[in-house]
Every structure is written in C-alpha cells, then in structure tokens.
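Below is input-v3.cif, holding mmCIF, C-alpha atoms.
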data_target
#
loop_
_atom_site.label_atom_id
_atom_site.label_comp_id
_atom_site.auth_asym_id
_atom_site.auth_seq_id
_atom_site.Cartn_x
_atom_site.Cartn_y
_atom_site.Cartn_z
CA MET U 1 -30.62 -2.17 12.03
CA GLY U 2 -34.31 -2.77 12.62
CA ILE U 3 -34.01 -4.35 16.06
CA ILE U 4 -35.26 -2.17 18.90
CA VAL U 5 -34.39 -2.90 22.55
CA ASN U 6 -37.32 -2.20 24.84
CA VAL U 7 -35.59 -2.79 28.17
CA ASP U 8 -36.52 0.71 29.41
CA VAL U 9 -40.22 0.04 28.68
CA MET U 10 -40.13 -3.21 30.67
CA MET U 11 -38.17 -1.50 33.46
CA ALA U 12 -40.85 1.22 33.66
CA LYS U 13 -43.60 -1.47 33.74
CA ARG U 14 -41.81 -3.29 36.56
CA LYS U 15 -40.86 0.02 38.23
CA MET U 16 -37.22 -1.00 38.41
CA SER U 17 -34.26 1.40 38.35
CA SER U 18 -31.25 1.00 36.04
CA ASN U 19 -28.83 0.41 38.91
CA GLU U 20 -31.10 -2.23 40.43
CA LEU U 21 -31.46 -4.09 37.12
CA ALA U 22 -27.75 -3.83 36.38
CA GLU U 23 -26.99 -5.33 39.78
CA LYS U 24 -29.52 -8.13 39.31
CA ILE U 25 -28.26 -9.20 35.89
CA GLY U 26 -24.61 -8.73 36.73
CA ILE U 27 -23.53 -6.06 34.22
CA THR U 28 -22.32 -2.51 34.73
CA ALA U 29 -24.68 0.47 34.55
CA ALA U 30 -22.65 1.75 31.61
CA ASN U 31 -23.29 -1.46 29.65
CA LEU U 32 -26.97 -1.36 30.51
CA SER U 33 -27.06 2.21 29.22
CA ILE U 34 -25.45 1.04 25.93
CA LEU U 35 -28.17 -1.62 25.69
CA LYS U 36 -30.98 0.84 26.46
CA THR U 37 -29.78 3.47 23.96
CA GLY U 38 -29.52 0.89 21.15
CA LYS U 39 -25.74 1.28 20.73
CA ALA U 40 -25.08 -2.40 21.48
CA LYS U 41 -23.95 -4.51 18.51
CA ALA U 42 -24.97 -7.85 20.06
CA ILE U 43 -26.46 -9.37 23.18
CA ARG U 44 -25.38 -12.65 24.77
CA PHE U 45 -28.00 -15.33 25.50
CA SER U 46 -26.78 -15.36 29.10
CA THR U 47 -27.48 -11.59 29.41
CA LEU U 48 -30.88 -11.99 27.74
CA ASP U 49 -31.67 -14.87 30.09
CA ALA U 50 -30.71 -12.75 33.11
CA ILE U 51 -32.77 -9.76 31.91
CA CYS U 52 -35.85 -11.96 31.30
CA LYS U 53 -35.41 -13.52 34.74
CA ALA U 54 -35.03 -10.13 36.47
CA LEU U 55 -37.94 -8.47 34.63
CA ASP U 56 -40.09 -11.61 34.54
CA CYS U 57 -40.75 -11.33 30.81
CA GLN U 58 -40.13 -13.05 27.44
CA PRO U 59 -37.28 -12.12 25.00
CA GLY U 60 -39.98 -10.80 22.63
CA ASP U 61 -40.97 -8.24 25.26
CA ILE U 62 -37.42 -6.84 25.21
CA LEU U 63 -36.54 -7.12 21.53
CA GLU U 64 -38.70 -5.85 18.69
CA TYR U 65 -38.17 -5.90 14.93
CA THR U 66 -39.22 -2.96 12.74
CA GLU U 67 -38.69 -2.29 9.00
CA ASP U 68 -35.91 0.28 8.35
CA MET Z 69 -13.40 -3.55 3.62
CA LYS Z 70 -13.19 -7.10 2.26
CA ASN Z 71 -13.66 -5.83 -1.30
CA ARG Z 72 -10.74 -3.42 -0.84
CA VAL Z 73 -8.51 -6.22 0.44
CA TYR Z 74 -9.46 -8.32 -2.60
CA LEU Z 75 -8.78 -5.33 -4.90
CA TYR Z 76 -5.32 -4.69 -3.38
CA CYS Z 77 -4.50 -8.41 -3.57
CA ILE Z 78 -5.50 -8.46 -7.26
CA ILE Z 79 -3.34 -5.36 -7.96
CA PHE Z 80 -0.46 -7.00 -6.06
CA ALA Z 81 -0.84 -10.17 -8.14
CA VAL Z 82 -1.00 -8.17 -11.39
CA VAL Z 83 2.15 -6.14 -10.49
CA PHE Z 84 3.92 -9.33 -9.41
CA VAL Z 85 3.05 -11.17 -12.64
CA ALA Z 86 4.01 -8.10 -14.73
CA THR Z 87 7.41 -7.70 -13.05
CA PHE Z 88 8.05 -11.44 -13.15
CA SER Z 89 7.23 -11.52 -16.88
CA PHE Z 90 9.40 -8.43 -17.42
CA ASP Z 91 12.31 -10.07 -15.57
CA VAL Z 92 11.87 -13.35 -17.47
CA PHE Z 93 11.75 -11.42 -20.76
CA ASN Z 94 14.89 -9.47 -19.80
CA ALA Z 95 16.70 -12.60 -18.69
CA ALA Z 96 15.73 -14.37 -21.91
CA SER Z 97 16.94 -11.49 -24.08
CA GLU Z 98 20.19 -11.24 -22.11
CA PHE Z 99 20.66 -14.99 -22.41
CA ARG Z 100 19.99 -14.81 -26.15
CA SER Z 101 22.47 -11.96 -26.66
CA GLY Z 102 24.97 -13.81 -24.52
CA TRP Z 103 24.45 -16.92 -26.61
CA GLN Z 104 24.98 -14.96 -29.84
CA GLU Z 105 28.11 -13.30 -28.47
CA GLN Z 106 29.57 -16.56 -27.31
CA GLY Z 107 31.02 -17.08 -30.76
CA SER Z 108 32.73 -13.71 -30.73
CA SER Z 109 33.69 -14.23 -27.03
CA ARG Z 110 32.64 -10.67 -26.12
CA GLU Z 111 29.96 -9.55 -23.66
CA VAL Z 112 27.58 -6.63 -24.37
CA PRO Z 113 28.17 -4.09 -21.62
CA GLU Z 114 25.49 -1.97 -20.01
CA LEU Z 115 25.23 1.74 -20.78
CA THR Z 116 24.27 3.92 -17.85
CA LEU Z 117 23.55 7.61 -17.83
CA GLU Z 118 25.51 8.95 -14.90
CA LEU Z 119 28.92 10.53 -15.25
CA ASN Z 120 31.73 10.08 -12.79
CA SER Z 121 34.24 12.85 -12.28
CA SER Z 122 37.14 10.79 -13.62
CA ASN Z 123 36.50 10.64 -17.35
CA VAL Z 124 38.63 8.21 -19.20
CA GLY Z 125 38.45 7.73 -22.93
CA THR Z 126 35.84 8.44 -25.56
CA ILE Z 127 33.22 6.44 -27.43
CA HIS Z 128 31.43 6.97 -30.75
CA ASN Z 129 27.71 7.83 -30.69
CA LYS Z 130 26.17 6.79 -34.01
CA LYS Z 131 23.04 8.94 -33.50
CA THR Z 132 24.95 12.22 -33.35
CA ASN Z 133 28.12 11.00 -35.07
CA LYS Z 134 30.17 12.46 -32.23
CA TYR Z 135 32.59 11.13 -29.67
CA LEU Z 136 31.46 11.09 -26.03
CA LYS Z 137 33.57 11.30 -22.92
CA ILE Z 138 33.04 8.14 -20.92
CA TYR Z 139 33.89 6.49 -17.64
CA ARG Z 140 34.47 2.77 -17.79
CA LYS Z 141 33.77 0.58 -14.82
CA ASN Z 142 33.87 -3.16 -15.48
CA LEU Z 143 31.24 -3.66 -18.16
CA ILE Z 144 29.39 -0.38 -17.49
CA VAL Z 145 29.97 2.74 -19.55
CA GLU Z 146 28.78 6.04 -18.13
CA THR Z 147 28.19 8.92 -20.53
CA GLY Z 148 27.05 11.93 -18.49
CA PHE Z 149 23.66 11.95 -20.18
CA SER Z 150 21.06 14.30 -18.75
CA CYS Z 151 17.61 14.55 -20.23
CA THR Z 152 17.40 18.10 -21.55
CA GLN Z 153 13.91 17.83 -23.03
CA THR Z 154 11.61 17.94 -20.04
CA ASN Z 155 8.18 16.75 -21.01
CA VAL Z 156 4.85 16.51 -19.21
CA ALA Z 157 5.38 12.88 -18.18
CA MET Z 158 8.67 13.75 -16.47
CA ILE Z 159 7.19 16.73 -14.63
CA VAL Z 160 4.16 14.70 -13.51
CA SER Z 161 6.32 11.77 -12.40
CA ALA Z 162 8.68 14.07 -10.48
CA PHE Z 163 5.70 15.79 -8.84
CA LEU Z 164 4.16 12.40 -7.97
CA ALA Z 165 7.41 11.19 -6.42
CA ALA Z 166 7.86 14.41 -4.42
CA PHE Z 167 4.26 14.36 -3.19
CA GLY Z 168 4.57 10.67 -2.29
CA GLY Z 169 7.78 11.36 -0.41
CA ILE Z 170 6.24 14.17 1.65
CA LEU Z 171 3.16 12.04 2.38
CA LEU Z 172 5.33 9.10 3.44
CA ILE Z 173 7.70 11.08 5.66
CA ILE Z 174 4.98 13.05 7.51
CA ASN Z 175 2.81 9.98 8.12
CA ALA Z 176 5.77 7.78 9.07
CA ILE Z 177 6.77 10.35 11.74
CA LEU Z 178 3.17 10.62 13.02
CA THR Z 179 2.89 6.80 13.10
CA LEU Z 180 6.13 6.47 15.07
CA ILE Z 181 4.89 9.10 17.55
CA SER Z 182 1.52 7.32 17.94
CA ILE Z 183 3.28 3.97 18.47
CA GLY Z 184 5.39 5.64 21.17
CA LYS Z 185 2.21 6.89 22.85
CA LYS Z 186 0.55 3.44 22.39
CA ASP Z 187 -2.20 5.28 20.51
CA ILE Z 188 -2.66 2.53 17.93
CA PHE Z 189 -6.13 1.00 17.92
CA ASN Z 190 -7.97 3.87 16.26
CA ASN Z 191 -9.07 5.18 12.90
CA ARG Z 192 -6.15 7.61 12.59
CA PHE Z 193 -3.53 4.83 12.73
CA GLU Z 194 -5.26 2.93 9.92
CA LYS Z 195 -5.43 6.10 7.79
CA ARG Z 196 -1.74 6.81 8.40
CA LEU Z 197 -0.81 3.29 7.32
CA CYS Z 198 -2.86 3.82 4.15
CA ARG Z 199 -1.11 7.13 3.46
CA ILE Z 200 2.34 5.58 3.95
CA GLY Z 201 1.36 2.84 1.48
CA ILE Z 202 0.06 5.36 -1.06
CA GLY Z 203 3.19 7.50 -0.58
CA SER Z 204 5.44 4.51 -1.22
CA ILE Z 205 3.47 3.59 -4.36
CA LEU Z 206 3.57 7.19 -5.64
CA ILE Z 207 7.35 7.52 -5.12
CA TYR Z 208 8.14 4.34 -7.01
CA THR Z 209 5.53 4.97 -9.71
CA GLY Z 210 7.11 8.38 -10.32
CA TYR Z 211 10.56 6.77 -10.30
CA ILE Z 212 9.51 4.11 -12.83
CA VAL Z 213 7.75 6.60 -15.15
CA PHE Z 214 10.80 8.90 -14.96
CA GLY Z 215 13.08 5.94 -15.72
CA VAL Z 216 11.01 4.88 -18.74
CA VAL Z 217 10.88 8.44 -20.14
CA GLU Z 218 14.64 8.82 -19.59
CA HIS Z 219 15.20 5.48 -21.32
CA VAL Z 220 13.17 6.61 -24.34
CA GLU Z 221 15.11 9.90 -24.48
CA ALA Z 222 18.42 8.07 -24.11
CA CYS Z 223 17.52 5.69 -26.95
CA LYS Z 224 16.74 8.76 -29.12
CA GLN Z 225 20.13 10.35 -28.39
CA PHE Z 226 22.46 7.37 -28.13
CA ASP Z 227 23.32 4.49 -30.37
CA ILE Z 228 26.67 3.14 -29.30
CA GLU Z 229 27.80 -0.02 -30.96
CA GLY Z 230 28.31 -2.88 -28.57
CA TYR Z 231 26.40 -1.27 -25.67
CA TYR Z 232 22.79 -1.37 -24.54
CA HIS Z 233 20.80 0.86 -22.23
CA LYS Z 234 18.94 -0.91 -19.45
CA LEU Z 235 15.26 0.05 -19.20
CA LEU Z 236 14.94 0.07 -15.39
CA PRO Z 237 17.33 -0.69 -12.54
CA GLU Z 238 16.81 -3.75 -10.34
CA ASN Z 239 14.23 -3.59 -7.52
CA SER Z 240 12.28 -0.77 -9.22
CA PHE Z 241 9.00 -2.31 -8.08
CA THR Z 242 9.99 -2.96 -4.45
CA GLY Z 243 8.33 0.24 -3.17
CA ILE Z 244 5.10 -0.63 -5.00
CA TYR Z 245 5.08 -4.08 -3.32
CA ILE Z 246 5.74 -2.50 0.09
CA GLY Z 247 2.98 0.09 -0.51
CA LEU Z 248 0.44 -2.57 -1.51
CA ILE Z 249 1.36 -4.73 1.51
CA LEU Z 250 0.85 -1.69 3.75
CA LEU Z 251 -2.54 -0.96 2.15
CA ILE Z 252 -3.60 -4.61 2.66
CA GLY Z 253 -2.27 -4.45 6.25
CA ALA Z 254 -4.26 -1.26 6.91
CA GLN Z 255 -7.47 -2.90 5.67
CA VAL Z 256 -6.85 -6.03 7.76
CA PHE Z 257 -6.18 -3.73 10.75
CA LYS Z 258 -9.47 -1.93 10.06
CA MET Z 259 -11.33 -5.27 9.95
CA ALA Z 260 -9.72 -6.33 13.23
CA ARG Z 261 -10.66 -2.99 14.81
CA THR Z 262 -14.30 -3.39 13.70
CA LEU Z 263 -14.38 -6.91 15.20
CA GLN Z 264 -12.89 -5.57 18.43
CA GLU Z 265 -15.47 -2.77 18.51
CA GLU Z 266 -18.29 -5.30 18.01
CA GLN Z 267 -16.84 -7.43 20.79
CA ASP Z 268 -16.68 -4.40 23.07
CA LEU Z 269 -20.32 -3.54 22.31
CA THR Z 270 -21.57 -7.07 22.96
CA ILE Z 271 -23.47 -6.94 26.25
#
Would you kindly transcribe this structure into structure tokens?
Amino acid sequence: MGIIVNVDVMMAKRKMSSNELAEKIGITAANLSILKTGKAKAIRFSTLDAICKALDCQPGDILEYTED
Amino acid sequence: MKNRVYLYCIIFAVVFVATFSFDVFNAASEFRSGWQEQGSSREVPELTLELNSSNVGTIHNKKTNKYLKIYRKNLIVETGFSCTQTNVAMIVSAFLAAFGGILLIINAILTLISIGKKDIFNNRFEKRLCRIGIGSILIYTGYIVFGVVEHVEACKQFDIEGYYHKLLPENSFTGIYIGLILLIGAQVFKMARTLQEEQDLTI
C-alpha cells in the first residue's frame, strides 16, 4: 500500500514522546507503535482527529501517498 | 478467497446437477423396466457382488455359460464376484481413497485437539478444515472410480437373465458434498479471519 504514516516525523517536530501522545489521543502505546511502523490496516477519523489536535497539524502532515 | 468460494460453489452445483441427472435417469430407467415387466408381473432384481456365507442355489451366467453359487435375499442376488483383473484405475482409486482417509483422520484429530484448546482463529485451523474436505473428496472419488471399474468388470463377466447390476450404491456422492461444504466453510472462515485481523489493526 502506498500510504505512509508520518506520525513519528510530526512527533519529532513537536518534541513529543510516544507515551505522551498515546495518552493525549487516548490509545495504547502498542497501538501507536502499530500506527508508526505502518502495520495498521486502517485509521478511524476520531483517532486522526485526536492526533491532529495533539500535534497541531493537518491530516496531510501525517499521511502521505507514494507510488508503489 | 472470493474466487475460490465461487469455484467451490460452481463445482458443488455441477456435482449436484450431475448426481441429480444420474438419479433421474436411473429412476426413469427403473420405472420403464418396471412398466415393461408389469405385463409379466415380475420385478427385475438387483445383482450385487458380495457373497454371504450361506450359499443357497445356483444361477446361470450367460457370459461364461456356467452356474454360479448365489445367495438370495429378497430381490438381491449375491454372486461372490471379486475383480481379479486389477488395472491402473483401480490401483489409483484405492491409493486415492487410502491417502484421503489418512489425511482426513489425522486432520480431524488435530482439529478436535485444537477445538479443545480453543486454538481456532488461526491459519492452521483453516488449513486443517481444507485438508479434511480434500480427504473426504478423495475417499469418495476413489470409492466411485473403484465402483465404476468394478461395474465394468462385472458387466464383462456376468450376464444373468432377469438380473441387473447397479452402477453405484446410494449416497455415493455424499462425501464429495461434505468435502465441498468443508472447503467452502474453510474459505468463509478465512475471509472472516481476515476481516477480524483488519478490525484488530484499525487504530
């Protein structure tokens, strides 16, 4: 799949740790790790909304499309 | 996965139509022979190939011009026929049936054990279901091929006036139906497992 999740890049820009972000958006650290490593099959709008709110960014900053 | 389910459903439909047509054809021919015999008020009995220990009477075989020992049971005459000429089809069918049987028994035991351990929602369970289905199909395919070959051999060796030899016993295709249903079930299970996996990986 050509969708890349750039949560770790945004986290580094905002200097936020995984545990802190996981706590803010209300998911477990394990699920955040699945999201960061690109193993996730789908992402809920509610989770995306929470991530954007916590990292103060747009969905396009987190998700990126590349040709396979 | 979907394509496999469609394929198995098509095979199931083909086998069902074939057996239904075969049964209708058999019923029609039996009805016709019964209609013809109505005038003579005599039914055509079935000739089977097994021999019971208590032989009573003899019957004339027109093919060999000899008298056979027979066992009469209602309208069935048993002759003690055993196919002496083993050919490739018989060996292959016997091998298929034996292999299918081993496959079925081993995987059925493993499936029962995994159900006992509640170790169900995984790839192994789906594969075991598939193997049980394939085993069931192989056993009955071997059985049917063996039956057809035996029928051909019997028709070569026997021609007894007033008796006919039945091509296949009833419910010969039951195992093939069960096998195909298991294969379809395994594919549906696989689809459900994929959906569950996707659900689990939705963040």
### Message
Near chain U, meaning an atom within 6 Å, which residues of chain Z appear when counting all atoms listed in the file? Write them as a ChimeraX atom specification.
### Response
/Z:266,269-271
Using only C-alpha atoms, which protein or nucleic acid residues come within 7 Å of U:Ala54? Drop anything in the same chain fewer than 3 positions from it, and give the result as an mmCIF file with C-alpha atoms, in the frame of the given file.
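File part39.cif, as written:
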data_model
loop_
_atom_site.group_PDB
_atom_site.id
_atom_site.type_symbol
_atom_site.label_atom_id
_atom_site.label_comp_id
_atom_site.auth_asym_id
_atom_site.auth_seq_id
_atom_site.Cartn_x
_atom_site.Cartn_y
_atom_site.Cartn_z
ATOM 1 C CA LYS U 24 -29.520 -8.130 39.310
ATOM 2 C CA ILE U 25 -28.260 -9.200 35.890
ATOM 3 C CA ALA U 50 -30.710 -12.750 33.110
ATOM 4 C CA ILE U 51 -32.770 -9.760 31.910
#
### Task
Rank Z:Asn71, Z:Thr209, Z:Ser89, Z:Asn191 by their smallest atom-to-atom distance to Z:Thr262, using only C-alpha atoms, and report the top residue only.
Z:Asn191
### Query
Which one of Z:Cys77, Z:Ala162, Z:Ala176, Z:Ile200 sits closest to Z:Leu250 if you count only C-alpha atoms?
Z:Ile200
#### Entry: Contacts of stretch 3-18 of chain U within 6 Å, all atoms listed in the file, excl. fewer than 3 positions in-chain, as a list in words
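Residues meeting the cut-off are Leu21, Ala22, Ile62, Leu63, Glu64 and Tyr65 of chain U.
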#### Entry: Point-to-point distance from atom CA of Z:Ser204 to atom CA of Z:Ala95, Å rounded to tenths
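It comes out at 26.9 Å.
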### Query
How far is it from atom CA of Z:Ala86 to atom CA of Z:Ile244, in Å with one decimal?
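Here the two named atoms are 12.3 Å from each other.
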### Message
So the first atom is atom CA of Z:Asn175 and the second is atom CA of Z:Val156; what is the distance between them in Å, to one decimal place?
### Response
28.2 Å
### Message
When the PyMOL selection byres ((chain Z and resi 256) around 12) is applied to the structure above, which residues does it catch, written out as a list of chain:residue names?
### Response
Z:Met69, Z:Lys70, Z:Asn71, Z:Arg72, Z:Val73, Z:Tyr74, Z:Tyr76, Z:Cys77, Z:Glu194, Z:Leu197, Z:Cys198, Z:Ile249, Z:Leu250, Z:Leu251, Z:Ile252, Z:Gly253, Z:Ala254, Z:Gln255, Z:Phe257, Z:Lys258, Z:Met259, Z:Ala260, Z:Arg261, Z:Thr262, Z:Leu263
As a PDB file, in the coordinates of the input, could you write out stretch 186-219 of chain Z once it has been completed with N, CA and C atoms?
ATOM      1  N   LYS Z 186       1.445   4.616  22.368  1.00  0.00           N
ATOM      2  CA  LYS Z 186       0.550   3.440  22.390  1.00  0.00           C
ATOM      3  C   LYS Z 186      -0.865   3.823  21.949  1.00  0.00           C
ATOM      4  N   ASP Z 187      -0.923   4.807  21.042  1.00  0.00           N
ATOM      5  CA  ASP Z 187      -2.200   5.280  20.510  1.00  0.00           C
ATOM      6  C   ASP Z 187      -2.382   4.619  19.130  1.00  0.00           C
ATOM      7  N   ILE Z 188      -2.693   3.309  19.169  1.00  0.00           N
ATOM      8  CA  ILE Z 188      -2.660   2.530  17.930  1.00  0.00           C
ATOM      9  C   ILE Z 188      -4.046   2.105  17.448  1.00  0.00           C
ATOM     10  N   PHE Z 189      -4.873   1.599  18.366  1.00  0.00           N
ATOM     11  CA  PHE Z 189      -6.130   1.000  17.920  1.00  0.00           C
ATOM     12  C   PHE Z 189      -7.201   2.069  17.659  1.00  0.00           C
ATOM     13  N   ASN Z 190      -6.966   2.863  16.641  1.00  0.00           N
ATOM     14  CA  ASN Z 190      -7.970   3.870  16.260  1.00  0.00           C
ATOM     15  C   ASN Z 190      -7.948   4.102  14.749  1.00  0.00           C
ATOM     16  N   ASN Z 191      -8.885   4.912  14.318  1.00  0.00           N
ATOM     17  CA  ASN Z 191      -9.070   5.180  12.900  1.00  0.00           C
ATOM     18  C   ASN Z 191      -7.876   5.915  12.289  1.00  0.00           C
ATOM     19  N   ARG Z 192      -7.267   6.795  13.093  1.00  0.00           N
ATOM     20  CA  ARG Z 192      -6.150   7.610  12.590  1.00  0.00           C
ATOM     21  C   ARG Z 192      -4.966   6.731  12.180  1.00  0.00           C
ATOM     22  N   PHE Z 193      -4.677   5.709  12.994  1.00  0.00           N
ATOM     23  CA  PHE Z 193      -3.530   4.830  12.730  1.00  0.00           C
ATOM     24  C   PHE Z 193      -3.724   4.110  11.386  1.00  0.00           C
ATOM     25  N   GLU Z 194      -4.957   3.643  11.162  1.00  0.00           N
ATOM     26  CA  GLU Z 194      -5.260   2.930   9.920  1.00  0.00           C
ATOM     27  C   GLU Z 194      -5.089   3.868   8.713  1.00  0.00           C
ATOM     28  N   LYS Z 195      -5.562   5.124   8.878  1.00  0.00           N
ATOM     29  CA  LYS Z 195      -5.430   6.100   7.790  1.00  0.00           C
ATOM     30  C   LYS Z 195      -3.968   6.425   7.503  1.00  0.00           C
ATOM     31  N   ARG Z 196      -3.175   6.516   8.572  1.00  0.00           N
ATOM     32  CA  ARG Z 196      -1.740   6.810   8.400  1.00  0.00           C
ATOM     33  C   ARG Z 196      -1.040   5.673   7.653  1.00  0.00           C
ATOM     34  N   LEU Z 197      -1.396   4.440   8.015  1.00  0.00           N
ATOM     35  CA  LEU Z 197      -0.810   3.290   7.320  1.00  0.00           C
ATOM     36  C   LEU Z 197      -1.140   3.344   5.832  1.00  0.00           C
ATOM     37  N   CYS Z 198      -2.416   3.686   5.539  1.00  0.00           N
ATOM     38  CA  CYS Z 198      -2.860   3.820   4.150  1.00  0.00           C
ATOM     39  C   CYS Z 198      -2.040   4.880   3.426  1.00  0.00           C
ATOM     40  N   ARG Z 199      -1.845   6.019   4.098  1.00  0.00           N
ATOM     41  CA  ARG Z 199      -1.110   7.130   3.460  1.00  0.00           C
ATOM     42  C   ARG Z 199       0.350   6.758   3.216  1.00  0.00           C
ATOM     43  N   ILE Z 200       0.948   6.015   4.151  1.00  0.00           N
ATOM     44  CA  ILE Z 200       2.340   5.580   3.950  1.00  0.00           C
ATOM     45  C   ILE Z 200       2.407   4.663   2.720  1.00  0.00           C
ATOM     46  N   GLY Z 201       1.424   3.757   2.629  1.00  0.00           N
ATOM     47  CA  GLY Z 201       1.360   2.840   1.480  1.00  0.00           C
ATOM     48  C   GLY Z 201       1.214   3.602   0.177  1.00  0.00           C
ATOM     49  N   ILE Z 202       0.290   4.565   0.162  1.00  0.00           N
ATOM     50  CA  ILE Z 202       0.060   5.360  -1.060  1.00  0.00           C
ATOM     51  C   ILE Z 202       1.308   6.171  -1.404  1.00  0.00           C
ATOM     52  N   GLY Z 203       1.950   6.730  -0.363  1.00  0.00           N
ATOM     53  CA  GLY Z 203       3.190   7.500  -0.580  1.00  0.00           C
ATOM     54  C   GLY Z 203       4.264   6.644  -1.213  1.00  0.00           C
ATOM     55  N   SER Z 204       4.427   5.436  -0.691  1.00  0.00           N
ATOM     56  CA  SER Z 204       5.440   4.510  -1.220  1.00  0.00           C
ATOM     57  C   SER Z 204       5.142   4.175  -2.684  1.00  0.00           C
ATOM     58  N   ILE Z 205       3.859   3.918  -2.975  1.00  0.00           N
ATOM     59  CA  ILE Z 205       3.470   3.590  -4.360  1.00  0.00           C
ATOM     60  C   ILE Z 205       3.727   4.786  -5.280  1.00  0.00           C
ATOM     61  N   LEU Z 206       3.383   5.991  -4.802  1.00  0.00           N
ATOM     62  CA  LEU Z 206       3.570   7.190  -5.640  1.00  0.00           C
ATOM     63  C   LEU Z 206       5.053   7.433  -5.937  1.00  0.00           C
ATOM     64  N   ILE Z 207       5.906   7.291  -4.917  1.00  0.00           N
ATOM     65  CA  ILE Z 207       7.350   7.520  -5.120  1.00  0.00           C
ATOM     66  C   ILE Z 207       7.881   6.598  -6.212  1.00  0.00           C
ATOM     67  N   TYR Z 208       7.563   5.305  -6.065  1.00  0.00           N
ATOM     68  CA  TYR Z 208       8.140   4.340  -7.010  1.00  0.00           C
ATOM     69  C   TYR Z 208       7.465   4.406  -8.382  1.00  0.00           C
ATOM     70  N   THR Z 209       6.182   4.807  -8.411  1.00  0.00           N
ATOM     71  CA  THR Z 209       5.530   4.970  -9.710  1.00  0.00           C
ATOM     72  C   THR Z 209       6.205   6.131 -10.459  1.00  0.00           C
ATOM     73  N   GLY Z 210       6.419   7.233  -9.723  1.00  0.00           N
ATOM     74  CA  GLY Z 210       7.110   8.380 -10.320  1.00  0.00           C
ATOM     75  C   GLY Z 210       8.507   7.996 -10.802  1.00  0.00           C
ATOM     76  N   TYR Z 211       9.195   7.215  -9.987  1.00  0.00           N
ATOM     77  CA  TYR Z 211      10.560   6.770 -10.300  1.00  0.00           C
ATOM     78  C   TYR Z 211      10.575   5.911 -11.575  1.00  0.00           C
ATOM     79  N   ILE Z 212       9.573   5.005 -11.671  1.00  0.00           N
ATOM     80  CA  ILE Z 212       9.510   4.110 -12.830  1.00  0.00           C
ATOM     81  C   ILE Z 212       9.155   4.906 -14.097  1.00  0.00           C
ATOM     82  N   VAL Z 213       8.149   5.791 -13.981  1.00  0.00           N
ATOM     83  CA  VAL Z 213       7.750   6.600 -15.150  1.00  0.00           C
ATOM     84  C   VAL Z 213       8.936   7.459 -15.619  1.00  0.00           C
ATOM     85  N   PHE Z 214       9.619   8.074 -14.640  1.00  0.00           N
ATOM     86  CA  PHE Z 214      10.800   8.900 -14.960  1.00  0.00           C
ATOM     87  C   PHE Z 214      11.857   8.050 -15.663  1.00  0.00           C
ATOM     88  N   GLY Z 215      12.079   6.847 -15.141  1.00  0.00           N
ATOM     89  CA  GLY Z 215      13.080   5.940 -15.720  1.00  0.00           C
ATOM     90  C   GLY Z 215      12.735   5.543 -17.143  1.00  0.00           C
ATOM     91  N   VAL Z 216      11.451   5.275 -17.390  1.00  0.00           N
ATOM     92  CA  VAL Z 216      11.010   4.880 -18.740  1.00  0.00           C
ATOM     93  C   VAL Z 216      11.176   6.046 -19.715  1.00  0.00           C
ATOM     94  N   VAL Z 217      10.762   7.254 -19.274  1.00  0.00           N
ATOM     95  CA  VAL Z 217      10.880   8.440 -20.140  1.00  0.00           C
ATOM     96  C   VAL Z 217      12.362   8.706 -20.452  1.00  0.00           C
ATOM     97  N   GLU Z 218      13.191   8.597 -19.413  1.00  0.00           N
ATOM     98  CA  GLU Z 218      14.640   8.820 -19.590  1.00  0.00           C
ATOM     99  C   GLU Z 218      15.230   7.791 -20.551  1.00  0.00           C
ATOM    100  N   HIS Z 219      14.725   6.552 -20.436  1.00  0.00           N
ATOM    101  CA  HIS Z 219      15.200   5.480 -21.320  1.00  0.00           C
ATOM    102  C   HIS Z 219      14.854   5.801 -22.776  1.00  0.00           C
TER     103      HIS Z 219
END
